[in-house]
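Asks: Mind having a look at this structure? Questions to follow.
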Amino acid sequence: MLGWSQAELAKAASVSRQTIADFERGAHVPIVNNLASIVAAFAKAGIEFIPENGGGVGVRFKK
């Protein structure tokens, strides 16, 4: 949605690019503080995570 590269997300979230790459390929889930940083970086960029509400989970731009 944002068109970010792994490097751009890593910089925005203050995590390593390898952390992003490993997560994307399903090698492992980041540790709690790294995952929170990734979510916070997306939120700061205007992305909202939508919980399961009968229609499925998802993401969207904040209104």
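Following the order of the structure tokens, first chain is A, next is B, and so on, with residues numbered from 1 inside each chain and ligands from 1 in the order they appear.
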Which neighbours of A:Gln18 fall inside 9 Å, counting only C-alpha atoms, when residues of the same chain fewer than 5 positions from it are skipped, and could you give them as JSON, numbers by chain?
Replies: {"A": [6, 7, 10, 23]}
Asks: With C-alpha atoms retained, could you export that selection as an mmCIF file, in the first residue's frame?
Replies:
data_model
loop_
_atom_site.group_PDB
_atom_site.id
_atom_site.type_symbol
_atom_site.label_atom_id
_atom_site.label_comp_id
_atom_site.auth_asym_id
_atom_site.auth_seq_id
_atom_site.Cartn_x
_atom_site.Cartn_y
_atom_site.Cartn_z
ATOM 1 C CA GLN A 6 12.296 -3.655 3.016
ATOM 2 C CA ALA A 7 15.002 -1.084 3.710
ATOM 3 C CA ALA A 10 13.291 -1.253 8.416
ATOM 4 C CA PHE A 23 9.351 -12.011 8.558
#
Asks: Within 12 Å of A:Glu8, counting only C-alpha atoms, which residues qualify if same-chain residues fewer than 2 places away don't, as JSON, numbers by chain?
Replies: {"A": [2, 3, 4, 5, 6, 10, 11, 12, 13, 14, 15, 16, 17, 20, 21, 38, 41, 42, 45]}
Asks: Using Å and a single decimal, report how far atom CA of A:Phe61 sits from atom CA of A:Glu48.
Replies: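 Between atom CA of A:Glu48 and atom CA of A:Phe61 the gap works out to 5.8 Å.
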Asks: Atom CA of A:Val39 to atom CA of A:Pro51: how many Å, to one decimal?
Replies: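 Atom-to-atom, atom CA of A:Val39 and atom CA of A:Pro51 are spaced 13.5 Å apart.
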Asks: Just how far from atom CA of A:Glu52 is atom CA of A:Glu24, in Å to one decimal?
Replies: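 Taking atom CA of A:Glu24 and atom CA of A:Glu52, their separation equals 21.4 Å.
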Asks: When distances are computed from only C-alpha atoms, which of A:Phe49, A:Lys62, A:Thr19, A:Gly54 shows the smallest separation from A:Asn34?
Replies: A:Thr19
Asks: So which residues of stretch 6-52 of chain A fall under strand (DSSP E or B) by DSSP, listed as number ranges by chain?
Replies: A: 47-50
